[in-house]
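Novice: Dropping a structure here in structure tokens format, bear with me for questions.
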Amino acid sequence: MRARITIALIAIPLLGVLALSGCASDSLAQDYGTGGSNYTDNSGLPVVISADKRTKAIDFTGTTVDGKTYTASDSRGPVTVVNFWYANCAPCRAEAPFLQGLSEKYRSDGVNFIGVNIFDQPAGALSFEKTYKITYPSVMDVDSGAARIAFAGAVAPTATPTTFVLDAKGRIAARIVGQLESQSILNTLISDTLAESK
């Protein structure tokens, strides 16, 4: 049996937009480094949704950093991890190695990772990906907002970073608002959701 993290997990229906503030500029990134309060809750604690309370599948189409078309419904695995980010968001930079590490760990299990960049143009996003050696794709959502619309009601569109774990049907199984402080919580969420499909 897999070791589990002892943590309070609350299942809630995903109705209504959470009133959360997000990263917005370089000055806010500096503020974050000094303990400022202009960011989302950075506790990194998850909200887990039990299978019987999960809503409809999340679907969106967008263009990746390298100009390819990404369609969520065509790219589902047993688990899909969706991370909302942008380059000048300090907590997004801090958690990038954790996301990359987990994408490598679960690649052979068919787990898909997709980033959703809500602010940058491709050049800025590509620079971030090179710096942090990110190998999974990111959709550029700044112009269309298609991904943010698809997740509307699950989290405020400015809440960055936010990470979702989708099940094999594309439904939200878990959400973490704020910076991942380590790999462990997301690792457990992926592992538990992956076990559902076996």
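Each chain in the structure tokens gets a letter, A, B and so on, in the order shown; residues start at 1 in every chain, and ligands are counted from 1 in the order they appear.
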If DSSP is run on the backbone, what residues of stretch 58-133 of chain A are strand (DSSP E)? A reply as a ChimeraX atom specification would be ideal.
Specialist: /A:61-64,69-71,80-85,112-117
Novice: Please report as a tab-separated table every residue of stretch 109-129 of chain A lying within 12 Å of stretch 169-191 of chain A, along with the nearest atom pair and their distance in Å (one decimal), using only C-alpha atoms.
Specialist:
```
residue	atom	partner	partner_atom	distance
A:Asp109	CA	A:Ser191	CA	10.1
A:Gly110	CA	A:Ile190	CA	11.4
A:Val111	CA	A:Ile190	CA	8.3
A:Asn112	CA	A:Ile190	CA	10.5
A:Phe113	CA	A:Ile190	CA	10.9
```
Novice: Do you know which residues are at most 8 Å from A:Val139 counting only C-alpha atoms, after dropping those on the same chain fewer than 2 positions away, and could you put them as a PyMOL selection string?
Specialist: chain A and resi 62-65+70+114-117+137+141
Novice: Can I get the selected residues back with all heavy atoms, as a CSV table (one decimal), in the first residue's frame?
Specialist:
```csv
chain,number,residue,atom,x,y,z
A,62,GLY,N,-5.6,25.0,-27.4
A,62,GLY,CA,-4.8,26.2,-27.4
A,62,GLY,C,-3.5,25.9,-28.2
A,62,GLY,O,-3.3,24.8,-28.7
A,63,THR,N,-2.7,26.9,-28.3
A,63,THR,CA,-1.4,26.8,-29.1
A,63,THR,C,-0.3,26.8,-28.1
A,63,THR,O,-0.2,27.6,-27.2
A,63,THR,CB,-1.3,28.0,-30.0
A,63,THR,OG1,-2.4,28.0,-30.9
A,63,THR,CG2,0.0,27.8,-30.9
A,64,THR,N,0.6,25.8,-28.2
A,64,THR,CA,1.7,25.7,-27.3
A,64,THR,C,2.8,26.7,-27.7
A,64,THR,O,2.8,27.4,-28.7
A,64,THR,CB,2.3,24.3,-27.4
A,64,THR,OG1,2.8,24.0,-28.7
A,64,THR,CG2,1.3,23.2,-27.0
A,65,VAL,N,3.8,26.7,-26.8
A,65,VAL,CA,4.9,27.7,-27.0
A,65,VAL,C,5.6,27.5,-28.4
A,65,VAL,O,6.0,28.5,-29.0
A,65,VAL,CB,6.0,27.5,-25.9
A,65,VAL,CG1,7.2,28.3,-26.1
A,65,VAL,CG2,5.4,27.8,-24.5
A,70,TYR,N,-2.8,22.1,-29.1
A,70,TYR,CA,-3.0,21.2,-28.0
A,70,TYR,C,-4.5,21.2,-27.7
A,70,TYR,O,-5.2,22.2,-27.5
A,70,TYR,CB,-2.3,21.6,-26.7
A,70,TYR,CG,-2.6,20.8,-25.5
A,70,TYR,CD1,-1.9,19.7,-25.2
A,70,TYR,CD2,-3.7,21.1,-24.6
A,70,TYR,CE1,-2.2,18.9,-24.1
A,70,TYR,CE2,-4.0,20.4,-23.5
A,70,TYR,CZ,-3.2,19.3,-23.2
A,70,TYR,OH,-3.5,18.5,-22.1
A,114,ILE,N,0.7,19.5,-18.5
A,114,ILE,CA,0.5,20.6,-19.5
A,114,ILE,C,0.6,21.9,-18.6
A,114,ILE,O,-0.1,22.0,-17.6
A,114,ILE,CB,-0.8,20.5,-20.3
A,114,ILE,CG1,-0.9,21.7,-21.3
A,114,ILE,CG2,-2.0,20.4,-19.4
A,114,ILE,CD1,0.0,21.6,-22.4
A,115,GLY,N,1.3,22.8,-19.1
A,115,GLY,CA,1.3,24.2,-18.4
A,115,GLY,C,0.3,25.1,-19.1
A,115,GLY,O,0.0,24.9,-20.3
A,116,VAL,N,-0.2,26.0,-18.4
A,116,VAL,CA,-1.0,27.1,-19.0
A,116,VAL,C,-0.4,28.4,-18.6
A,116,VAL,O,-0.5,28.8,-17.5
A,116,VAL,CB,-2.5,27.0,-18.5
A,116,VAL,CG1,-3.3,28.1,-19.1
A,116,VAL,CG2,-3.1,25.6,-18.9
A,117,ASN,N,0.2,29.1,-19.6
A,117,ASN,CA,0.8,30.4,-19.4
A,117,ASN,C,-0.3,31.4,-19.6
A,117,ASN,O,-0.8,31.6,-20.7
A,117,ASN,CB,2.0,30.5,-20.3
A,117,ASN,CG,2.7,31.8,-20.0
A,117,ASN,OD1,2.2,32.9,-20.1
A,117,ASN,ND2,4.0,31.6,-19.6
A,137,PRO,N,4.8,20.4,-22.5
A,137,PRO,CA,4.3,21.6,-23.2
A,137,PRO,C,3.6,22.6,-22.3
A,137,PRO,O,3.0,22.2,-21.3
A,137,PRO,CB,3.4,21.0,-24.3
A,137,PRO,CG,2.9,19.8,-23.7
A,137,PRO,CD,4.0,19.2,-22.8
A,141,ASP,N,-2.1,31.1,-23.1
A,141,ASP,CA,-3.5,31.4,-22.9
A,141,ASP,C,-3.8,32.9,-22.8
A,141,ASP,O,-4.9,33.3,-22.5
A,141,ASP,CB,-4.0,30.7,-21.6
A,141,ASP,CG,-5.5,30.4,-21.6
A,141,ASP,OD1,-6.0,29.9,-22.6
A,141,ASP,OD2,-6.1,30.7,-20.5
```
Novice: Run DSSP on the backbone and give me the residues of stretch 128-185 of chain A it puts in helix (DSSP H, G or I), as an mmCIF file with all heavy atoms, in the first residue's frame.
Specialist:
```cif
data_model
loop_
_atom_site.group_PDB
_atom_site.id
_atom_site.type_symbol
_atom_site.label_atom_id
_atom_site.label_comp_id
_atom_site.auth_asym_id
_atom_site.auth_seq_id
_atom_site.Cartn_x
_atom_site.Cartn_y
_atom_site.Cartn_z
ATOM 1 N N PHE A 128 11.761 30.835 -20.040
ATOM 2 C CA PHE A 128 11.500 30.186 -18.751
ATOM 3 C C PHE A 128 11.718 28.686 -18.871
ATOM 4 O O PHE A 128 12.371 28.065 -18.023
ATOM 5 C CB PHE A 128 10.058 30.490 -18.325
ATOM 6 C CG PHE A 128 9.631 29.846 -17.031
ATOM 7 C CD1 PHE A 128 9.638 30.565 -15.850
ATOM 8 C CD2 PHE A 128 9.193 28.522 -16.989
ATOM 9 C CE1 PHE A 128 9.227 29.995 -14.649
ATOM 10 C CE2 PHE A 128 8.781 27.934 -15.807
ATOM 11 C CZ PHE A 128 8.799 28.666 -14.635
ATOM 12 N N GLU A 129 11.166 28.088 -19.903
ATOM 13 C CA GLU A 129 11.269 26.637 -20.069
ATOM 14 C C GLU A 129 12.718 26.190 -20.241
ATOM 15 O O GLU A 129 13.117 25.141 -19.724
ATOM 16 C CB GLU A 129 10.412 26.186 -21.252
ATOM 17 C CG GLU A 129 8.924 26.330 -20.966
ATOM 18 C CD GLU A 129 8.054 25.808 -22.089
ATOM 19 O OE1 GLU A 129 8.587 25.429 -23.165
ATOM 20 O OE2 GLU A 129 6.827 25.764 -21.897
ATOM 21 N N LYS A 130 13.488 26.985 -20.948
ATOM 22 C CA LYS A 130 14.909 26.647 -21.124
ATOM 23 C C LYS A 130 15.660 26.779 -19.800
ATOM 24 O O LYS A 130 16.482 25.931 -19.454
ATOM 25 C CB LYS A 130 15.533 27.541 -22.190
ATOM 26 C CG LYS A 130 15.119 27.176 -23.601
ATOM 27 C CD LYS A 130 15.793 28.073 -24.618
ATOM 28 C CE LYS A 130 15.431 27.644 -26.039
ATOM 29 N NZ LYS A 130 16.006 28.511 -27.065
ATOM 30 N N THR A 131 15.377 27.839 -19.062
ATOM 31 C CA THR A 131 16.056 28.070 -17.783
ATOM 32 C C THR A 131 15.803 26.935 -16.807
ATOM 33 O O THR A 131 16.710 26.462 -16.121
ATOM 34 C CB THR A 131 15.597 29.402 -17.167
ATOM 35 O OG1 THR A 131 15.960 30.469 -18.044
ATOM 36 C CG2 THR A 131 16.232 29.631 -15.808
ATOM 37 N N ALA A 146 -8.818 30.477 -23.324
ATOM 38 C CA ALA A 146 -9.628 29.256 -23.452
ATOM 39 C C ALA A 146 -9.460 28.324 -22.258
ATOM 40 O O ALA A 146 -10.438 27.745 -21.771
ATOM 41 C CB ALA A 146 -9.262 28.525 -24.744
ATOM 42 N N ALA A 147 -8.234 28.172 -21.792
ATOM 43 C CA ALA A 147 -8.009 27.285 -20.643
ATOM 44 C C ALA A 147 -8.631 27.865 -19.377
ATOM 45 O O ALA A 147 -9.255 27.141 -18.594
ATOM 46 C CB ALA A 147 -6.516 27.044 -20.441
ATOM 47 N N ARG A 148 -8.461 29.172 -19.183
ATOM 48 C CA ARG A 148 -9.047 29.795 -17.995
ATOM 49 C C ARG A 148 -10.570 29.680 -18.012
ATOM 50 O O ARG A 148 -11.193 29.454 -16.981
ATOM 51 C CB ARG A 148 -8.600 31.249 -17.888
ATOM 52 C CG ARG A 148 -7.166 31.389 -17.378
ATOM 53 C CD ARG A 148 -6.647 32.799 -17.506
ATOM 54 N NE ARG A 148 -6.380 33.079 -18.912
ATOM 55 C CZ ARG A 148 -6.051 34.273 -19.396
ATOM 56 N NH1 ARG A 148 -5.988 35.308 -18.584
ATOM 57 N NH2 ARG A 148 -5.803 34.436 -20.675
ATOM 58 N N ILE A 149 -11.159 29.817 -19.191
ATOM 59 C CA ILE A 149 -12.613 29.674 -19.306
ATOM 60 C C ILE A 149 -13.028 28.244 -18.975
ATOM 61 O O ILE A 149 -14.018 28.012 -18.288
ATOM 62 C CB ILE A 149 -13.079 30.075 -20.720
ATOM 63 C CG1 ILE A 149 -12.909 31.590 -20.913
ATOM 64 C CG2 ILE A 149 -14.528 29.662 -20.957
ATOM 65 C CD1 ILE A 149 -13.074 32.059 -22.344
ATOM 66 N N ALA A 150 -12.246 27.277 -19.463
ATOM 67 C CA ALA A 150 -12.575 25.871 -19.217
ATOM 68 C C ALA A 150 -12.572 25.533 -17.729
ATOM 69 O O ALA A 150 -13.354 24.698 -17.281
ATOM 70 C CB ALA A 150 -11.590 24.970 -19.959
ATOM 71 N N SER A 184 6.013 16.201 -2.583
ATOM 72 C CA SER A 184 5.327 15.112 -1.890
ATOM 73 C C SER A 184 3.813 15.145 -2.015
ATOM 74 O O SER A 184 3.192 14.103 -2.275
ATOM 75 C CB SER A 184 5.739 15.078 -0.415
ATOM 76 O OG SER A 184 5.388 16.278 0.228
ATOM 77 N N ILE A 185 3.181 16.303 -1.820
ATOM 78 C CA ILE A 185 1.722 16.348 -1.863
ATOM 79 C C ILE A 185 1.217 16.046 -3.271
ATOM 80 O O ILE A 185 0.328 15.216 -3.459
ATOM 81 C CB ILE A 185 1.195 17.701 -1.363
ATOM 82 C CG1 ILE A 185 1.461 17.846 0.135
ATOM 83 C CG2 ILE A 185 -0.294 17.843 -1.659
ATOM 84 C CD1 ILE A 185 1.083 19.183 0.713
#
```
Novice: For A:Thr55, which residue among A:Ala154, A:Ile134, A:Val79, A:Leu99 is the nearest when counting only C-alpha atoms?
Specialist: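 Nearest candidate to A:Thr55 out of A:Ala154, A:Ile134, A:Val79, A:Leu99: A:Ala154.
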